[in-house]
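Have a look at input_14.txt below; it lists compact mmCIF, C-alpha atoms and all ligand atoms.
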```
# COMPACT_ATOMS: atom_id res chain seq x y z
CA MET R 28 -91.80 -37.87 -167.94
CA ARG R 29 -91.49 -38.28 -171.67
CA LEU R 30 -89.85 -36.04 -174.28
CA ILE R 31 -91.69 -35.91 -177.60
CA THR R 32 -90.09 -34.13 -180.55
CA ASN R 33 -92.33 -35.46 -183.29
CA ILE R 34 -95.62 -33.67 -184.11
CA GLN R 35 -97.45 -36.84 -185.16
CA GLU R 36 -96.40 -38.64 -181.98
CA MET R 37 -97.65 -35.72 -179.88
CA ARG R 38 -101.01 -35.74 -181.73
CA LEU R 39 -101.42 -39.46 -181.15
CA PHE R 40 -100.56 -39.16 -177.47
CA SER R 41 -103.12 -36.35 -177.00
CA SER R 42 -105.84 -38.25 -178.89
CA ASP R 43 -105.31 -41.25 -176.62
CA VAL R 44 -105.49 -39.09 -173.49
CA LYS R 45 -108.74 -37.53 -174.74
CA LYS R 46 -110.24 -40.93 -175.52
CA SER R 47 -109.49 -42.05 -171.97
CA GLY R 48 -111.51 -39.08 -170.67
CA LYS R 49 -108.56 -37.33 -169.03
CA THR R 50 -107.89 -33.60 -169.29
CA ILE R 51 -104.76 -31.96 -170.69
CA VAL R 52 -103.18 -28.81 -169.27
CA PHE R 53 -100.66 -26.98 -171.43
CA VAL R 54 -97.85 -24.55 -170.64
CA PRO R 55 -96.12 -23.17 -173.76
CA THR R 56 -92.55 -21.91 -173.26
CA MET R 57 -89.42 -21.05 -175.19
CA GLY R 58 -87.32 -22.91 -172.64
CA TYR R 59 -84.39 -21.76 -170.52
CA LEU R 60 -86.74 -22.27 -167.64
CA HIS R 61 -86.87 -20.24 -164.43
CA ASP R 62 -89.25 -19.98 -161.49
CA GLY R 63 -91.69 -17.88 -163.54
CA HIS R 64 -92.24 -20.91 -165.76
CA GLY R 65 -92.21 -23.02 -162.58
CA SER R 66 -95.22 -21.16 -161.18
CA LEU R 67 -97.20 -21.86 -164.36
CA LEU R 68 -96.27 -25.54 -164.16
CA ALA R 69 -97.20 -25.78 -160.46
CA LYS R 70 -100.62 -24.26 -161.15
CA GLY R 71 -101.01 -26.34 -164.28
CA ARG R 72 -100.34 -29.50 -162.30
CA GLU R 73 -103.39 -28.66 -160.15
CA LEU R 74 -105.72 -27.90 -163.04
CA GLY R 75 -105.94 -31.21 -164.87
CA ASP R 76 -104.71 -34.77 -165.36
CA ILE R 77 -101.89 -34.59 -167.90
CA LEU R 78 -99.43 -31.69 -167.87
CA VAL R 79 -97.79 -30.89 -171.20
CA MET R 80 -95.09 -28.23 -171.56
CA SER R 81 -93.74 -27.18 -174.91
CA ILE R 82 -90.23 -25.88 -175.45
CA PHE R 83 -89.97 -24.17 -178.80
CA VAL R 84 -88.06 -21.03 -179.72
CA ASN R 85 -90.47 -19.83 -182.37
CA PRO R 86 -88.58 -18.26 -185.29
CA ILE R 87 -91.60 -16.47 -186.77
CA GLN R 88 -92.12 -14.27 -183.72
CA PHE R 89 -88.62 -12.79 -183.97
CA GLY R 90 -87.87 -9.85 -186.25
CA ALA R 91 -84.94 -10.04 -188.68
CA LYS R 92 -82.73 -7.96 -186.37
CA GLU R 93 -83.83 -9.69 -183.17
CA ASP R 94 -82.19 -12.35 -181.01
CA TYR R 95 -83.56 -15.63 -182.42
CA ALA R 96 -80.11 -17.21 -182.85
CA ALA R 97 -78.84 -15.77 -179.57
CA TYR R 98 -81.94 -16.69 -177.54
CA PRO R 99 -80.70 -18.79 -174.57
CA ARG R 100 -81.24 -22.56 -174.86
CA ASP R 101 -80.48 -25.42 -172.46
CA LEU R 102 -82.69 -28.44 -173.12
CA ASN R 103 -80.90 -30.73 -170.64
CA ASN R 104 -81.43 -28.39 -167.74
CA ASP R 105 -85.00 -27.68 -168.85
CA LEU R 106 -85.77 -31.40 -168.81
CA LYS R 107 -84.50 -31.63 -165.23
CA MET R 108 -86.68 -28.71 -164.22
CA ALA R 109 -89.67 -30.18 -166.03
CA GLU R 110 -89.19 -33.46 -164.18
CA ALA R 111 -88.95 -31.63 -160.84
CA ASN R 112 -92.19 -29.83 -161.68
CA LYS R 113 -93.99 -33.11 -162.40
CA VAL R 114 -94.50 -32.43 -166.10
CA ASP R 115 -95.82 -35.50 -167.96
CA ILE R 116 -94.80 -34.56 -171.48
CA VAL R 117 -92.22 -32.12 -172.81
CA PHE R 118 -93.04 -31.37 -176.43
CA SER R 119 -90.10 -29.87 -178.29
CA PRO R 120 -90.55 -29.92 -182.06
CA THR R 121 -88.01 -28.66 -184.59
CA ALA R 122 -88.53 -25.43 -186.51
CA GLU R 123 -88.37 -27.43 -189.76
CA ASP R 124 -91.29 -29.61 -188.68
CA MET R 125 -93.36 -26.67 -187.44
CA TYR R 126 -92.71 -24.58 -190.56
CA PRO R 127 -91.99 -26.90 -193.47
CA GLU R 128 -91.38 -25.55 -196.93
CA GLY R 129 -94.58 -24.08 -198.32
CA PHE R 130 -95.91 -22.90 -194.96
CA GLN R 131 -98.00 -19.77 -195.55
CA THR R 132 -100.89 -19.57 -193.09
CA TYR R 133 -100.73 -16.95 -190.32
CA LEU R 134 -103.11 -15.68 -187.70
CA ASP R 135 -103.53 -11.98 -186.93
CA VAL R 136 -105.26 -10.65 -183.83
CA GLU R 137 -105.60 -7.23 -185.33
CA ARG R 138 -106.18 -4.33 -182.96
CA LEU R 139 -104.62 -5.78 -179.81
CA SER R 140 -101.42 -6.44 -181.74
CA ASN R 141 -101.09 -2.79 -182.73
CA HIS R 142 -100.03 -1.48 -179.34
CA LEU R 143 -97.07 -1.72 -176.95
CA CYS R 144 -94.66 -4.47 -178.08
CA GLY R 145 -96.56 -4.90 -181.37
CA LEU R 146 -95.40 -1.46 -182.52
CA ALA R 147 -91.75 -2.04 -181.69
CA ARG R 148 -91.85 -5.63 -182.98
CA PRO R 149 -93.98 -5.70 -186.15
CA GLY R 150 -95.24 -9.22 -186.86
CA HIS R 151 -94.35 -10.45 -183.36
CA PHE R 152 -97.91 -11.22 -182.24
CA ARG R 153 -98.78 -12.71 -185.60
CA GLY R 154 -95.94 -15.15 -184.96
CA VAL R 155 -97.10 -15.76 -181.40
CA ALA R 156 -100.76 -16.32 -182.30
CA THR R 157 -99.79 -18.60 -185.19
CA VAL R 158 -97.51 -20.83 -183.12
CA VAL R 159 -99.97 -20.97 -180.23
CA ILE R 160 -102.86 -22.07 -182.43
CA LYS R 161 -100.62 -24.69 -184.02
CA LEU R 162 -99.59 -25.96 -180.57
CA PHE R 163 -103.24 -25.95 -179.46
CA ASN R 164 -104.19 -28.00 -182.52
CA ILE R 165 -101.40 -30.51 -181.92
CA ILE R 166 -101.77 -30.83 -178.13
CA LYS R 167 -105.55 -30.33 -177.82
CA PRO R 168 -105.43 -28.96 -174.27
CA ASP R 169 -108.45 -28.22 -172.10
CA THR R 170 -106.57 -25.49 -170.25
CA ALA R 171 -103.51 -23.39 -171.10
CA LEU R 172 -101.51 -21.10 -168.83
CA PHE R 173 -99.74 -17.86 -169.73
CA GLY R 174 -97.85 -15.32 -167.61
CA GLU R 175 -98.95 -11.75 -167.02
CA LYS R 176 -95.35 -10.69 -167.52
CA ASP R 177 -96.25 -10.82 -171.21
CA PHE R 178 -99.55 -9.10 -170.57
CA GLN R 179 -100.22 -8.23 -174.20
CA GLN R 180 -99.53 -11.82 -175.25
CA LEU R 181 -102.06 -13.05 -172.69
CA LEU R 182 -104.71 -10.65 -174.06
CA VAL R 183 -103.93 -11.65 -177.66
CA ILE R 184 -104.32 -15.35 -176.85
CA LYS R 185 -107.53 -14.81 -174.87
CA ARG R 186 -108.96 -12.79 -177.78
CA MET R 187 -107.94 -15.41 -180.33
CA VAL R 188 -109.55 -18.18 -178.26
CA GLN R 189 -112.76 -16.17 -177.93
CA ASP R 190 -112.93 -14.97 -181.53
CA LEU R 191 -112.27 -18.39 -183.04
CA ASN R 192 -114.40 -20.40 -180.54
CA ILE R 193 -111.41 -22.50 -179.62
CA GLY R 194 -112.91 -23.72 -176.35
CA ILE R 195 -109.75 -23.74 -174.27
CA ASP R 196 -109.66 -22.23 -170.81
CA VAL R 197 -106.86 -19.61 -170.80
CA VAL R 198 -105.46 -18.90 -167.34
CA GLY R 199 -103.26 -15.84 -166.61
CA MET R 200 -100.63 -16.08 -163.88
CA PRO R 201 -98.95 -13.30 -161.85
CA ILE R 202 -95.40 -12.11 -162.52
CA ILE R 203 -92.71 -13.93 -160.56
CA ARG R 204 -89.79 -11.70 -159.57
CA GLU R 205 -86.25 -12.04 -158.29
CA GLU R 206 -85.77 -11.04 -154.66
CA ASP R 207 -84.84 -7.49 -155.65
CA GLY R 208 -87.91 -7.12 -157.86
CA LEU R 209 -86.57 -7.79 -161.37
CA ALA R 210 -89.18 -9.79 -163.30
CA MET R 211 -87.79 -13.23 -164.09
CA SER R 212 -87.02 -13.72 -167.75
CA SER R 213 -84.86 -16.07 -169.80
CA ARG R 214 -83.32 -12.95 -171.35
CA ASN R 215 -81.96 -11.83 -167.96
CA SER R 216 -79.16 -14.35 -168.56
CA HIS R 217 -77.81 -11.98 -171.25
CA LEU R 218 -77.22 -9.21 -168.68
CA ASN R 219 -73.70 -8.63 -167.38
CA LYS R 220 -73.15 -7.51 -163.80
CA SER R 221 -73.62 -3.78 -164.37
CA GLU R 222 -76.58 -4.35 -166.72
CA ARG R 223 -78.22 -6.63 -164.15
CA LYS R 224 -77.98 -3.79 -161.64
CA ALA R 225 -79.28 -1.28 -164.18
CA ALA R 226 -82.23 -3.56 -165.02
CA LEU R 227 -83.68 -2.87 -161.58
CA CYS R 228 -84.85 0.51 -162.87
CA LEU R 229 -87.85 -1.19 -164.54
CA PHE R 230 -89.18 -2.44 -161.22
CA GLN R 231 -88.34 0.81 -159.42
CA ALA R 232 -90.21 2.72 -162.12
CA ILE R 233 -93.40 0.65 -162.00
CA MET R 234 -93.36 0.74 -158.19
CA LYS R 235 -93.14 4.53 -158.34
CA GLY R 236 -96.12 4.53 -160.72
CA LYS R 237 -98.06 2.33 -158.32
CA ASP R 238 -97.24 4.58 -155.36
CA MET R 239 -98.33 7.68 -157.28
CA TYR R 240 -101.58 6.05 -158.31
CA GLU R 241 -102.29 4.85 -154.79
CA SER R 242 -101.54 8.28 -153.38
CA GLY R 243 -104.43 9.61 -155.46
CA ILE R 244 -102.88 10.67 -158.80
CA LYS R 245 -105.31 9.49 -161.48
CA ASP R 246 -103.90 11.36 -164.52
CA ALA R 247 -101.63 9.28 -166.69
CA GLU R 248 -99.31 12.16 -167.65
CA PRO R 249 -97.52 12.83 -164.32
CA ILE R 250 -97.17 9.08 -163.76
CA LEU R 251 -95.65 8.57 -167.22
CA LYS R 252 -93.30 11.49 -166.68
CA GLU R 253 -92.01 10.23 -163.36
CA VAL R 254 -91.63 6.67 -164.62
CA ARG R 255 -89.66 7.95 -167.61
CA ASN R 256 -87.43 10.05 -165.32
CA ILE R 257 -86.51 6.99 -163.29
CA ILE R 258 -85.58 4.98 -166.38
CA GLU R 259 -83.69 7.87 -167.97
CA GLU R 260 -81.62 8.38 -164.83
CA GLU R 261 -80.10 4.97 -165.55
CA PRO R 262 -77.30 5.47 -168.11
CA LEU R 263 -77.48 1.90 -169.49
CA ALA R 264 -81.25 2.05 -170.08
CA VAL R 265 -83.03 3.18 -173.25
CA VAL R 266 -86.83 3.46 -173.19
CA ASP R 267 -88.71 1.67 -175.93
CA TYR R 268 -92.17 2.54 -174.59
CA ILE R 269 -93.93 3.50 -171.39
CA ARG R 270 -97.73 3.45 -171.48
CA VAL R 271 -100.73 3.74 -169.23
CA CYS R 272 -103.49 1.89 -171.02
CA ASP R 273 -106.81 0.08 -170.79
CA ILE R 274 -106.33 -3.45 -169.42
CA ASN R 275 -108.64 -4.97 -172.05
CA THR R 276 -108.05 -2.97 -175.24
CA LEU R 277 -104.55 -1.56 -174.54
CA GLU R 278 -105.74 1.85 -175.79
CA ASP R 279 -103.89 4.73 -174.09
CA LEU R 280 -105.67 6.29 -171.12
CA GLU R 281 -105.37 9.93 -170.07
CA LYS R 282 -107.28 9.46 -166.86
CA ILE R 283 -107.56 6.30 -164.81
CA THR R 284 -111.08 5.75 -163.56
CA ASP R 285 -110.94 2.17 -162.38
CA LYS R 286 -108.03 0.03 -163.51
CA ALA R 287 -105.14 0.59 -165.88
CA LEU R 288 -102.08 -1.24 -167.11
CA LEU R 289 -98.75 0.53 -166.63
CA ALA R 290 -96.49 -1.22 -169.12
CA LEU R 291 -92.95 -0.59 -170.25
CA ALA R 292 -90.23 -1.97 -172.46
CA VAL R 293 -86.65 -0.89 -171.93
CA LYS R 294 -83.39 -1.85 -173.55
CA ILE R 295 -80.54 -2.50 -171.14
CA GLY R 296 -77.51 -2.70 -173.36
CA LYS R 297 -78.59 -5.09 -176.12
CA THR R 298 -81.24 -6.82 -174.01
CA ARG R 299 -84.87 -5.74 -174.31
CA LEU R 300 -86.84 -6.23 -171.10
CA VAL R 301 -90.55 -5.74 -170.38
CA ASP R 302 -92.45 -5.28 -167.16
CA ASN R 303 -95.90 -4.13 -166.13
CA ILE R 304 -98.28 -3.62 -163.26
CA VAL R 305 -102.03 -3.27 -163.04
CA LEU R 306 -102.95 -0.04 -161.26
CA SER R 307 -106.15 -0.72 -159.39
CA ASN R 308 -108.19 0.70 -156.54
CA SER R 309 -108.91 -2.71 -155.10
P1 LIG R 401 -91.27 -17.66 -172.44
O1 LIG R 401 -90.51 -18.93 -172.28
O2 LIG R 401 -90.49 -16.44 -172.03
O3 LIG R 401 -91.94 -17.53 -173.78
O4 LIG R 401 -92.45 -17.73 -171.39
C1 LIG R 401 -93.34 -18.80 -171.34
C2 LIG R 401 -94.50 -18.45 -170.45
O5 LIG R 401 -94.02 -18.13 -169.14
C3 LIG R 401 -95.26 -17.20 -170.93
O6 LIG R 401 -96.64 -17.38 -170.73
C4 LIG R 401 -94.68 -16.11 -170.07
O7 LIG R 401 -95.56 -15.01 -169.89
C5 LIG R 401 -94.48 -16.86 -168.77
N1 LIG R 401 -93.48 -16.16 -167.95
C6 LIG R 401 -92.24 -15.77 -168.32
N2 LIG R 401 -91.63 -15.11 -167.32
C7 LIG R 401 -92.51 -15.07 -166.29
C8 LIG R 401 -92.48 -14.52 -164.97
N3 LIG R 401 -91.42 -13.86 -164.52
N4 LIG R 401 -93.57 -14.68 -164.19
C9 LIG R 401 -94.66 -15.34 -164.65
N5 LIG R 401 -94.75 -15.88 -165.88
C10 LIG R 401 -93.69 -15.74 -166.70
```
Rewrite the structure of this file - the entire thing - as structure tokens.
Amino acid sequence: MRLITNIQEMRLFSSDVKKSGKTIVFVPTMGYLHDGHGSLLAKGRELGDILVMSIFVNPIQFGAKEDYAAYPRDLNNDLKMAEANKVDIVFSPTAEDMYPEGFQTYLDVERLSNHLCGLARPGHFRGVATVVIKLFNIIKPDTALFGEKDFQQLLVIKRMVQDLNIGIDVVGMPIIREEDGLAMSSRNSHLNKSERKAALCLFQAIMKGKDMYESGIKDAEPILKEVRNIIEEEPLAVVDYIRVCDINTLEDLEKITDKALLALAVKIGKTRLVDNIVLSNS
């Protein structure tokens, strides 16, 4: 495994791989790796010849009052995990190299960004789309993997790739959870003992929504109400949003005819967590 921190060196490496006729699979991350990232890497390993993982905490996707400085980082441990997951290249550029003085070009995926997390975090998906297209241009992957835990992010990237004819296969991967159901996230490391316990309400709430849907309730309203009740019963939890929406457009749904996304964002103490589930008949 090789660690590359220089953009030019990464570009050269990728060009050489392409010339040799091999394929590149790419897993973008912000580091502080857990088994959720591990599942993307394991799948990625199967999907092509050279597996590249980026570790980059992207400043432009954090709002001014968000946790960019406090975002957890541990490059040494991440490198060990990358090695164990048979990653070929870890690409970890500096923020100064990615956004040098004078940088002023951003990418907006318009409508999809104006729902769910995009409303609470203005500019977040602009930052995400911009860094992902930059990483795509540097790494030149054939395939890239993203987790469904960040369902909106996955849709934004798929849309960007389609709209701009980028020609990269974008693969979505299921949410990996802790044994008790909490969706794995680097931000879980911020939770103290009582917050960690409280954080379970997200999973309990989406499971309740799933049960209601599967028992025949197809109206969004009673599901939303019950999900909200479960979160609000938890004193440490503050709801940011709870939505039942179309799985392609993220527009709110009143009635579920086929499939729907039940998505929520909740603050537990200072830590904002997201979770979701696709409600489906099949
Ligand atoms: P992050 O480092 O949090 O930006 O995540 C990097 C990639 O891993 C994104 O595509 C995430 O959606 C994905 N990911 C994060 N947590 C999980 C999880 N619990 N299960 C599956 N994928 C995840």
So, with all atoms listed in the file as the atoms that count, which of R:Ser212, R:Asn141, R:Thr298, R:Thr276 lies closest to ligand LIG 401 (chain R)?
R:Ser212
Show me, as JSON lines, the residues of chain R having an atom within 10 Å of ligand LIG 401 (chain R), each with the closest atom pair and its distance in Å, using all atoms listed in the file.
```
{"residue": "R:Val54", "atom": "CA", "partner": "R:LIG401", "partner_atom": "C2", "distance": 7.0}
{"residue": "R:Pro55", "atom": "CA", "partner": "R:LIG401", "partner_atom": "C1", "distance": 5.7}
{"residue": "R:Thr56", "atom": "CA", "partner": "R:LIG401", "partner_atom": "C1", "distance": 3.7}
{"residue": "R:Met57", "atom": "CA", "partner": "R:LIG401", "partner_atom": "O1", "distance": 3.8}
{"residue": "R:Gly58", "atom": "CA", "partner": "R:LIG401", "partner_atom": "O1", "distance": 5.1}
{"residue": "R:Tyr59", "atom": "CA", "partner": "R:LIG401", "partner_atom": "O1", "distance": 7.0}
{"residue": "R:Leu60", "atom": "CA", "partner": "R:LIG401", "partner_atom": "O1", "distance": 6.8}
{"residue": "R:His61", "atom": "CA", "partner": "R:LIG401", "partner_atom": "N2", "distance": 7.6}
{"residue": "R:Asp62", "atom": "CA", "partner": "R:LIG401", "partner_atom": "N3", "distance": 7.2}
{"residue": "R:Gly63", "atom": "CA", "partner": "R:LIG401", "partner_atom": "C8", "distance": 3.7}
{"residue": "R:His64", "atom": "CA", "partner": "R:LIG401", "partner_atom": "O5", "distance": 4.7}
{"residue": "R:Gly65", "atom": "CA", "partner": "R:LIG401", "partner_atom": "N5", "distance": 8.3}
{"residue": "R:Ser66", "atom": "CA", "partner": "R:LIG401", "partner_atom": "C9", "distance": 6.8}
{"residue": "R:Leu67", "atom": "CA", "partner": "R:LIG401", "partner_atom": "N5", "distance": 6.6}
{"residue": "R:Leu68", "atom": "CA", "partner": "R:LIG401", "partner_atom": "O5", "distance": 9.2}
{"residue": "R:Met80", "atom": "CA", "partner": "R:LIG401", "partner_atom": "C1", "distance": 9.6}
{"residue": "R:Ser81", "atom": "CA", "partner": "R:LIG401", "partner_atom": "C1", "distance": 9.1}
{"residue": "R:Ile82", "atom": "CA", "partner": "R:LIG401", "partner_atom": "O1", "distance": 7.6}
{"residue": "R:Phe83", "atom": "CA", "partner": "R:LIG401", "partner_atom": "O1", "distance": 8.4}
{"residue": "R:Val84", "atom": "CA", "partner": "R:LIG401", "partner_atom": "O3", "distance": 7.9}
{"residue": "R:Asn85", "atom": "CA", "partner": "R:LIG401", "partner_atom": "O3", "distance": 9.0}
{"residue": "R:Val155", "atom": "CA", "partner": "R:LIG401", "partner_atom": "O3", "distance": 9.4}
{"residue": "R:Ala171", "atom": "CA", "partner": "R:LIG401", "partner_atom": "O6", "distance": 9.1}
{"residue": "R:Leu172", "atom": "CA", "partner": "R:LIG401", "partner_atom": "O6", "distance": 6.4}
{"residue": "R:Phe173", "atom": "CA", "partner": "R:LIG401", "partner_atom": "O6", "distance": 3.3}
{"residue": "R:Gly174", "atom": "CA", "partner": "R:LIG401", "partner_atom": "O7", "distance": 3.2}
{"residue": "R:Glu175", "atom": "CA", "partner": "R:LIG401", "partner_atom": "O7", "distance": 5.5}
{"residue": "R:Lys176", "atom": "CA", "partner": "R:LIG401", "partner_atom": "O7", "distance": 4.9}
{"residue": "R:Asp177", "atom": "CA", "partner": "R:LIG401", "partner_atom": "O7", "distance": 4.4}
{"residue": "R:Phe178", "atom": "CA", "partner": "R:LIG401", "partner_atom": "O7", "distance": 7.2}
{"residue": "R:Gln179", "atom": "CA", "partner": "R:LIG401", "partner_atom": "O7", "distance": 9.3}
{"residue": "R:Gln180", "atom": "CA", "partner": "R:LIG401", "partner_atom": "O7", "distance": 7.4}
{"residue": "R:Leu181", "atom": "CA", "partner": "R:LIG401", "partner_atom": "O6", "distance": 7.2}
{"residue": "R:Val198", "atom": "CA", "partner": "R:LIG401", "partner_atom": "O6", "distance": 9.6}
{"residue": "R:Gly199", "atom": "CA", "partner": "R:LIG401", "partner_atom": "O6", "distance": 7.9}
{"residue": "R:Met200", "atom": "CA", "partner": "R:LIG401", "partner_atom": "C9", "distance": 6.1}
{"residue": "R:Pro201", "atom": "CA", "partner": "R:LIG401", "partner_atom": "C9", "distance": 5.5}
{"residue": "R:Ile202", "atom": "CA", "partner": "R:LIG401", "partner_atom": "N4", "distance": 3.6}
{"residue": "R:Ile203", "atom": "CA", "partner": "R:LIG401", "partner_atom": "N4", "distance": 3.8}
{"residue": "R:Arg204", "atom": "CA", "partner": "R:LIG401", "partner_atom": "N3", "distance": 5.6}
{"residue": "R:Glu205", "atom": "CA", "partner": "R:LIG401", "partner_atom": "N3", "distance": 8.3}
{"residue": "R:Leu209", "atom": "CA", "partner": "R:LIG401", "partner_atom": "N3", "distance": 8.4}
{"residue": "R:Ala210", "atom": "CA", "partner": "R:LIG401", "partner_atom": "N3", "distance": 4.8}
{"residue": "R:Met211", "atom": "CA", "partner": "R:LIG401", "partner_atom": "N3", "distance": 3.7}
{"residue": "R:Ser212", "atom": "CA", "partner": "R:LIG401", "partner_atom": "N2", "distance": 4.8}
{"residue": "R:Ser213", "atom": "CA", "partner": "R:LIG401", "partner_atom": "O2", "distance": 6.1}
{"residue": "R:Arg214", "atom": "CA", "partner": "R:LIG401", "partner_atom": "O2", "distance": 8.0}
{"residue": "R:Val301", "atom": "CA", "partner": "R:LIG401", "partner_atom": "N2", "distance": 9.9}
{"residue": "R:Asp302", "atom": "CA", "partner": "R:LIG401", "partner_atom": "N3", "distance": 9.0}
```
Given the selection you just returned, output its residues as a file containing C-alpha atoms, formatted as a PDB file, in the frame of the given file.
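Just written: out_14.pdb:
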```
ATOM      1  CA  VAL R  54     -97.850 -24.550-170.640  1.00  0.00           C
ATOM      2  CA  PRO R  55     -96.120 -23.170-173.760  1.00  0.00           C
ATOM      3  CA  THR R  56     -92.550 -21.910-173.260  1.00  0.00           C
ATOM      4  CA  MET R  57     -89.420 -21.050-175.190  1.00  0.00           C
ATOM      5  CA  GLY R  58     -87.320 -22.910-172.640  1.00  0.00           C
ATOM      6  CA  TYR R  59     -84.390 -21.760-170.520  1.00  0.00           C
ATOM      7  CA  LEU R  60     -86.740 -22.270-167.640  1.00  0.00           C
ATOM      8  CA  HIS R  61     -86.870 -20.240-164.430  1.00  0.00           C
ATOM      9  CA  ASP R  62     -89.250 -19.980-161.490  1.00  0.00           C
ATOM     10  CA  GLY R  63     -91.690 -17.880-163.540  1.00  0.00           C
ATOM     11  CA  HIS R  64     -92.240 -20.910-165.760  1.00  0.00           C
ATOM     12  CA  GLY R  65     -92.210 -23.020-162.580  1.00  0.00           C
ATOM     13  CA  SER R  66     -95.220 -21.160-161.180  1.00  0.00           C
ATOM     14  CA  LEU R  67     -97.200 -21.860-164.360  1.00  0.00           C
ATOM     15  CA  LEU R  68     -96.270 -25.540-164.160  1.00  0.00           C
ATOM     16  CA  MET R  80     -95.090 -28.230-171.560  1.00  0.00           C
ATOM     17  CA  SER R  81     -93.740 -27.180-174.910  1.00  0.00           C
ATOM     18  CA  ILE R  82     -90.230 -25.880-175.450  1.00  0.00           C
ATOM     19  CA  PHE R  83     -89.970 -24.170-178.800  1.00  0.00           C
ATOM     20  CA  VAL R  84     -88.060 -21.030-179.720  1.00  0.00           C
ATOM     21  CA  ASN R  85     -90.470 -19.830-182.370  1.00  0.00           C
ATOM     22  CA  VAL R 155     -97.100 -15.760-181.400  1.00  0.00           C
ATOM     23  CA  ALA R 171    -103.510 -23.390-171.100  1.00  0.00           C
ATOM     24  CA  LEU R 172    -101.510 -21.100-168.830  1.00  0.00           C
ATOM     25  CA  PHE R 173     -99.740 -17.860-169.730  1.00  0.00           C
ATOM     26  CA  GLY R 174     -97.850 -15.320-167.610  1.00  0.00           C
ATOM     27  CA  GLU R 175     -98.950 -11.750-167.020  1.00  0.00           C
ATOM     28  CA  LYS R 176     -95.350 -10.690-167.520  1.00  0.00           C
ATOM     29  CA  ASP R 177     -96.250 -10.820-171.210  1.00  0.00           C
ATOM     30  CA  PHE R 178     -99.550  -9.100-170.570  1.00  0.00           C
ATOM     31  CA  GLN R 179    -100.220  -8.230-174.200  1.00  0.00           C
ATOM     32  CA  GLN R 180     -99.530 -11.820-175.250  1.00  0.00           C
ATOM     33  CA  LEU R 181    -102.060 -13.050-172.690  1.00  0.00           C
ATOM     34  CA  VAL R 198    -105.460 -18.900-167.340  1.00  0.00           C
ATOM     35  CA  GLY R 199    -103.260 -15.840-166.610  1.00  0.00           C
ATOM     36  CA  MET R 200    -100.630 -16.080-163.880  1.00  0.00           C
ATOM     37  CA  PRO R 201     -98.950 -13.300-161.850  1.00  0.00           C
ATOM     38  CA  ILE R 202     -95.400 -12.110-162.520  1.00  0.00           C
ATOM     39  CA  ILE R 203     -92.710 -13.930-160.560  1.00  0.00           C
ATOM     40  CA  ARG R 204     -89.790 -11.700-159.570  1.00  0.00           C
ATOM     41  CA  GLU R 205     -86.250 -12.040-158.290  1.00  0.00           C
ATOM     42  CA  LEU R 209     -86.570  -7.790-161.370  1.00  0.00           C
ATOM     43  CA  ALA R 210     -89.180  -9.790-163.300  1.00  0.00           C
ATOM     44  CA  MET R 211     -87.790 -13.230-164.090  1.00  0.00           C
ATOM     45  CA  SER R 212     -87.020 -13.720-167.750  1.00  0.00           C
ATOM     46  CA  SER R 213     -84.860 -16.070-169.800  1.00  0.00           C
ATOM     47  CA  ARG R 214     -83.320 -12.950-171.350  1.00  0.00           C
ATOM     48  CA  VAL R 301     -90.550  -5.740-170.380  1.00  0.00           C
ATOM     49  CA  ASP R 302     -92.450  -5.280-167.160  1.00  0.00           C
TER      50      ASP R 302
END
```
Go ahead and compute the interatomic distance for atom CA of Ile31 of chain R and atom CA of Ile184 of chain R, in Å to one decimal.
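Computing the Euclidean distance for atom CA of Ile31 of chain R and atom CA of Ile184 of chain R yields 24.1 Å.
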Using all atoms listed in the file, tabulate the residues of segment 198-226 of chain R lying at most 9 Å from any atom of segment 261-265 of chain R, each with its closest atom pair and that distance in Å to one decimal, by chain and increasing residue number, as a Markdown table.
```
| residue | atom | partner | partner_atom | distance |
| --- | --- | --- | --- | --- |
| R:Ser221 | CA | R:Leu263 | CA | 8.6 |
| R:Glu222 | CA | R:Leu263 | CA | 6.9 |
| R:Ala225 | CA | R:Leu263 | CA | 6.4 |
| R:Ala226 | CA | R:Ala264 | CA | 7.6 |
```
Quick one: residues within 12 Å of Gly243 of chain R, all atoms listed in the file counted, chain neighbours fewer than 5 positions away excluded, as a PyMOL selection string?
chain R and resi 236-238+249-250+282-284+306-308
In Å, rounded to a single decimal, give me how far atom CA of Thr50 of chain R is from atom CA of Asp76 of chain R.
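Spanning atom CA of Asp76 of chain R to atom CA of Thr50 of chain R is a straight-line distance of 5.2 Å.
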Suppose you want the space between atom CA of Glu253 of chain R and atom CA of Ala290 of chain R; what is it in Å?
13.6 Å
Nearest-residue call for Gly48 of chain R, choices R:Glu110, R:Asp169, R:Asp101, R:Asn303, using all atoms listed in the file
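So, comparing all the options, the nearest one is R:Asp169.
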Shell around segment 120-131 of chain R at 7 Å using all atoms listed in the file, local window under 5 positions removed, as a PyMOL selection string:
chain R and resi 32-34+83
Between R:Phe89, R:Tyr98, R:Phe40, R:Phe230, single out the one closest to His217 of chain R, counting all atoms listed in the file.
R:Tyr98
Considering all atoms listed in the file, state which residue in the set R:Arg148, R:Val114, R:Gly194, R:Ser140 is at the smallest distance from Ile160 of chain R.
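Nearest to Ile160 of chain R: R:Gly194.
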Give me, as CSV, each residue of segment 137-240 of chain R that comes within 9 Å of segment 36-39 of chain R, together with its shortest interatomic pair and the distance in Å at one decimal, counting all atoms listed in the file, with rows ordered by chain and rising residue number.
```
residue,atom,partner,partner_atom,distance
R:Asn164,CA,R:Arg38,CA,8.4
R:Ile165,CA,R:Arg38,CA,5.2
R:Ile166,CA,R:Arg38,CA,6.1
R:Lys167,CA,R:Arg38,CA,8.1
```
Which residue gives the smallest distance to Leu106 of chain R among R:Lys92, R:Arg29, R:Arg153, R:Arg138, with all atoms listed in the file counted?
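With all atoms listed in the file as the atom set, the closest residue is R:Arg29.
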